[in-house]
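A.B. asks: Mind having a look at this structure? Questions to follow.
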Amino acid sequence: MSALALPSTGLGGTAWEPCSDRSRERDDPLWGTAGRGLRWFLVELASGWGPRALLDPPFDPQLGGALVSRTERAGMRPLAIRRPGRRDAVPRWRWAVVDARPGSESVRWGEVEEPDDLLDVPLDGSAGVLSDRPIFAVCAHGRHDQCCAVRGRRAALDLAAAFPEETWECSHLGGDRFAATMVLFPHGLAYGRIDDADVAAIAQGYLDGRVAEPWFRGRTSLSHPVQAAQHFARVESGDDRLDSFAPLAEGGSLHHRDVGHHVVELAGADGGRVVVELAETLSAPLLSTCGTTRPGRVREWALTSLRTLPA
């Protein structure tokens, strides 16, 4: 994929490049990078989004602040959504409660008459209509990061051509340098660089119960060590089934400031176990978003050992 057609500006005497281009050049690893999200509250905002979506105009910041606080107190992650490439003439205030926890996966949809009514929606899963349709949410939050706008909107349109009812643009998911990013609900499967892939094939694979490992960041309901351990187990075994390698136990200890050690036990075949040992390290300093001006270091995961134990 060629560099994005975005304007270049100087930064510290060097030419500015989109964060997603820099990440591809560095070959930043995708595995073990999915942002945390056990349960989600999705709100349809068909209008433009500010840098923080629900917290900035054109959405009412006071209402948005109350809505985000209420959602986070309930242990949920808020997310703005809208249809790609089209807008309803009259705004609708649809919402969805998504449970991404293993064994509890569900999507419930509802709608309110006025945006203030969103504050009265029960967040315990007791409201809304249970749906058997998945939600494919592609980050297209351009006011947050330019890469998400350019790469994400294109990917969302491609996906909507194959899955028009399931596909939505969404606000910030995290990992801007991996744009275009996407989460597939209700399981909370996070993907990156999907504009370099056949995004419809990734979605179809999900419907078939499989993971597209080359683009997979991890499952949002699992810890980062478990996400990384599952990646290495899938690569080692060639088993791309979503339900394979359920986590059984995890532990870790910090060796020194920059390197940690983690051991994750996963369910193997025929009642066996897969024991994955990981080294947690920090990357070289990098600019992780288009708006970042000071380099920082991010966590990365390397395989130390992988053992398959029989039942």
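Lettering and numbering for the structure tokens are positional, with chains as A, B, ... in the shown order, residues counted from 1 in each chain, and ligands counted from 1 in the shown order.
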Which neighbours of Ile135 (chain A) fall inside 7 Å, counting only C-alpha atoms, when residues of the same chain fewer than 5 positions from it are skipped, and could you give them as a list in words?

C.D. replies: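 That gives Glu166, Thr167, Leu184, Phe185 and Pro186 of chain A.
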
A.B. asks: Wanna dump the region 231-302 of chain A-region 136-153 of chain A contacts at 7 Å for me, each residue with its shortest atom pair and the distance in Å to one decimal, counting only C-alpha atoms, ordered by chain and number, as a tab-separated table?

C.D. replies:
```
residue	atom	partner	partner_atom	distance
A:Thr289	CA	A:Asp145	CA	6.9
A:Cys290	CA	A:Asp145	CA	6.0
A:Gly291	CA	A:Asp145	CA	7.0
```

A.B. asks: So which residues touch Gly128 (chain A) within 12 Å, counting only C-alpha atoms, skipping near sequence neighbours fewer than 4 positions away, as a PyMOL selection string?

C.D. replies: chain A and resi 41+94-98+106-112+121-124

A.B. asks: For the structure I just gave you, how does DSSP split region 118-249 of chain A - specifically, which residues are alpha helix (DSSP H)? Reply as a PyMOL selection string.

C.D. replies: chain A and resi 146-147+153-162+199-207+224-237

A.B. asks: Output the selection as a compact mmCIF listing (two decimals), in the first residue's frame - N, CA and C atoms for each residue.

C.D. replies:
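Here's the written file again_0.txt:
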```txt
# COMPACT_ATOMS: atom_id res chain seq x y z
N GLN A 146 -5.95 11.49 11.21
CA GLN A 146 -6.19 11.56 9.77
C GLN A 146 -6.14 10.20 9.11
N CYS A 147 -5.29 9.28 9.60
CA CYS A 147 -5.21 7.96 9.00
C CYS A 147 -6.53 7.21 9.11
N ARG A 153 -12.46 5.16 6.21
CA ARG A 153 -13.67 5.39 5.40
C ARG A 153 -13.66 4.54 4.15
N ARG A 154 -12.50 4.41 3.55
CA ARG A 154 -12.41 3.56 2.36
C ARG A 154 -12.71 2.11 2.69
N ALA A 155 -12.15 1.62 3.80
CA ALA A 155 -12.39 0.23 4.21
C ALA A 155 -13.85 0.01 4.57
N ALA A 156 -14.47 0.99 5.22
CA ALA A 156 -15.88 0.85 5.60
C ALA A 156 -16.77 0.76 4.37
N LEU A 157 -16.48 1.55 3.36
CA LEU A 157 -17.27 1.47 2.13
C LEU A 157 -17.10 0.12 1.44
N ASP A 158 -15.86 -0.40 1.43
CA ASP A 158 -15.63 -1.71 0.84
C ASP A 158 -16.40 -2.79 1.60
N LEU A 159 -16.39 -2.71 2.92
CA LEU A 159 -17.08 -3.71 3.72
C LEU A 159 -18.59 -3.59 3.57
N ALA A 160 -19.08 -2.34 3.52
CA ALA A 160 -20.52 -2.12 3.38
C ALA A 160 -21.06 -2.64 2.06
N ALA A 161 -20.21 -2.69 1.03
CA ALA A 161 -20.66 -3.22 -0.26
C ALA A 161 -21.03 -4.70 -0.13
N ALA A 162 -20.37 -5.41 0.78
CA ALA A 162 -20.67 -6.83 0.97
C ALA A 162 -21.65 -7.07 2.12
N VAL A 199 -11.24 -7.06 3.26
CA VAL A 199 -11.95 -6.85 4.51
C VAL A 199 -13.24 -7.66 4.56
N ALA A 200 -13.90 -7.85 3.42
CA ALA A 200 -15.12 -8.66 3.40
C ALA A 200 -14.80 -10.12 3.74
N ALA A 201 -13.64 -10.60 3.31
CA ALA A 201 -13.24 -11.97 3.63
C ALA A 201 -12.97 -12.13 5.12
N ILE A 202 -12.39 -11.09 5.74
CA ILE A 202 -12.18 -11.13 7.19
C ILE A 202 -13.52 -11.26 7.90
N ALA A 203 -14.49 -10.44 7.49
CA ALA A 203 -15.81 -10.48 8.11
C ALA A 203 -16.50 -11.82 7.87
N GLN A 204 -16.40 -12.35 6.67
CA GLN A 204 -17.01 -13.64 6.38
C GLN A 204 -16.36 -14.74 7.21
N GLY A 205 -15.04 -14.65 7.38
CA GLY A 205 -14.36 -15.62 8.22
C GLY A 205 -14.89 -15.60 9.65
N TYR A 206 -15.16 -14.40 10.15
CA TYR A 206 -15.75 -14.28 11.49
C TYR A 206 -17.10 -14.98 11.55
N LEU A 207 -17.93 -14.78 10.55
CA LEU A 207 -19.23 -15.45 10.51
C LEU A 207 -19.07 -16.97 10.47
N HIS A 224 -3.86 -8.40 27.35
CA HIS A 224 -2.86 -8.35 26.29
C HIS A 224 -1.96 -9.60 26.28
N PRO A 225 -1.50 -10.12 27.43
CA PRO A 225 -0.72 -11.36 27.37
C PRO A 225 -1.49 -12.53 26.76
N VAL A 226 -2.78 -12.65 27.09
CA VAL A 226 -3.57 -13.74 26.51
C VAL A 226 -3.74 -13.52 25.01
N GLN A 227 -3.99 -12.30 24.59
CA GLN A 227 -4.09 -12.01 23.16
C GLN A 227 -2.82 -12.46 22.42
N ALA A 228 -1.66 -12.11 22.98
CA ALA A 228 -0.40 -12.47 22.34
C ALA A 228 -0.18 -13.97 22.36
N ALA A 229 -0.50 -14.61 23.49
CA ALA A 229 -0.32 -16.06 23.58
C ALA A 229 -1.19 -16.79 22.57
N GLN A 230 -2.42 -16.35 22.39
CA GLN A 230 -3.29 -16.98 21.40
C GLN A 230 -2.73 -16.80 19.99
N HIS A 231 -2.16 -15.64 19.72
CA HIS A 231 -1.54 -15.41 18.41
C HIS A 231 -0.48 -16.46 18.13
N PHE A 232 0.45 -16.64 19.07
CA PHE A 232 1.55 -17.57 18.83
C PHE A 232 1.04 -19.01 18.77
N ALA A 233 0.02 -19.35 19.53
CA ALA A 233 -0.54 -20.70 19.46
C ALA A 233 -1.19 -20.95 18.11
N ARG A 234 -1.90 -19.96 17.58
CA ARG A 234 -2.52 -20.12 16.27
C ARG A 234 -1.47 -20.25 15.17
N VAL A 235 -0.44 -19.42 15.24
CA VAL A 235 0.62 -19.49 14.22
C VAL A 235 1.32 -20.84 14.27
N GLU A 236 1.62 -21.31 15.48
CA GLU A 236 2.33 -22.58 15.65
C GLU A 236 1.50 -23.76 15.15
N SER A 237 0.20 -23.75 15.44
CA SER A 237 -0.65 -24.90 15.15
C SER A 237 -1.35 -24.82 13.80
```

A.B. asks: Name the residues in contact with Ala284 (chain A) at a cut-off of 8 Å, using only C-alpha atoms, excluding same-chain residues fewer than 3 positions from it; report them as JSON, numbers by chain.

C.D. replies: {"A": [296, 297, 298]}

A.B. asks: For the residues in that selection, give me all heavy atoms as a compact mmCIF listing (two decimals), in the first residue's frame.

C.D. replies:
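Done, and the output landed in selection_30.txt:
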```txt
# COMPACT_ATOMS: atom_id res chain seq x y z
N GLY A 296 7.23 8.12 22.04
CA GLY A 296 7.01 7.29 23.23
C GLY A 296 7.25 5.83 22.90
O GLY A 296 7.44 5.46 21.73
N ARG A 297 7.26 5.01 23.92
CA ARG A 297 7.50 3.58 23.74
C ARG A 297 6.22 2.81 24.02
O ARG A 297 5.46 3.17 24.92
CB ARG A 297 8.64 3.12 24.66
CG ARG A 297 9.90 3.94 24.48
CD ARG A 297 10.98 3.57 25.49
NE ARG A 297 11.60 2.30 25.17
CZ ARG A 297 12.50 1.70 25.94
NH1 ARG A 297 12.84 2.23 27.11
NH2 ARG A 297 13.05 0.55 25.57
N VAL A 298 5.98 1.76 23.27
CA VAL A 298 4.78 0.95 23.43
C VAL A 298 5.17 -0.49 23.74
O VAL A 298 6.27 -0.95 23.43
CB VAL A 298 3.90 0.99 22.16
CG1 VAL A 298 3.43 2.40 21.87
CG2 VAL A 298 4.65 0.43 20.96
```

A.B. asks: What is the distance between CA of Ser305 (chain A) and CA of Val259 (chain A), in Å to one decimal?

C.D. replies: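 Taking CA of Ser305 (chain A) and CA of Val259 (chain A), their separation equals 15.7 Å.
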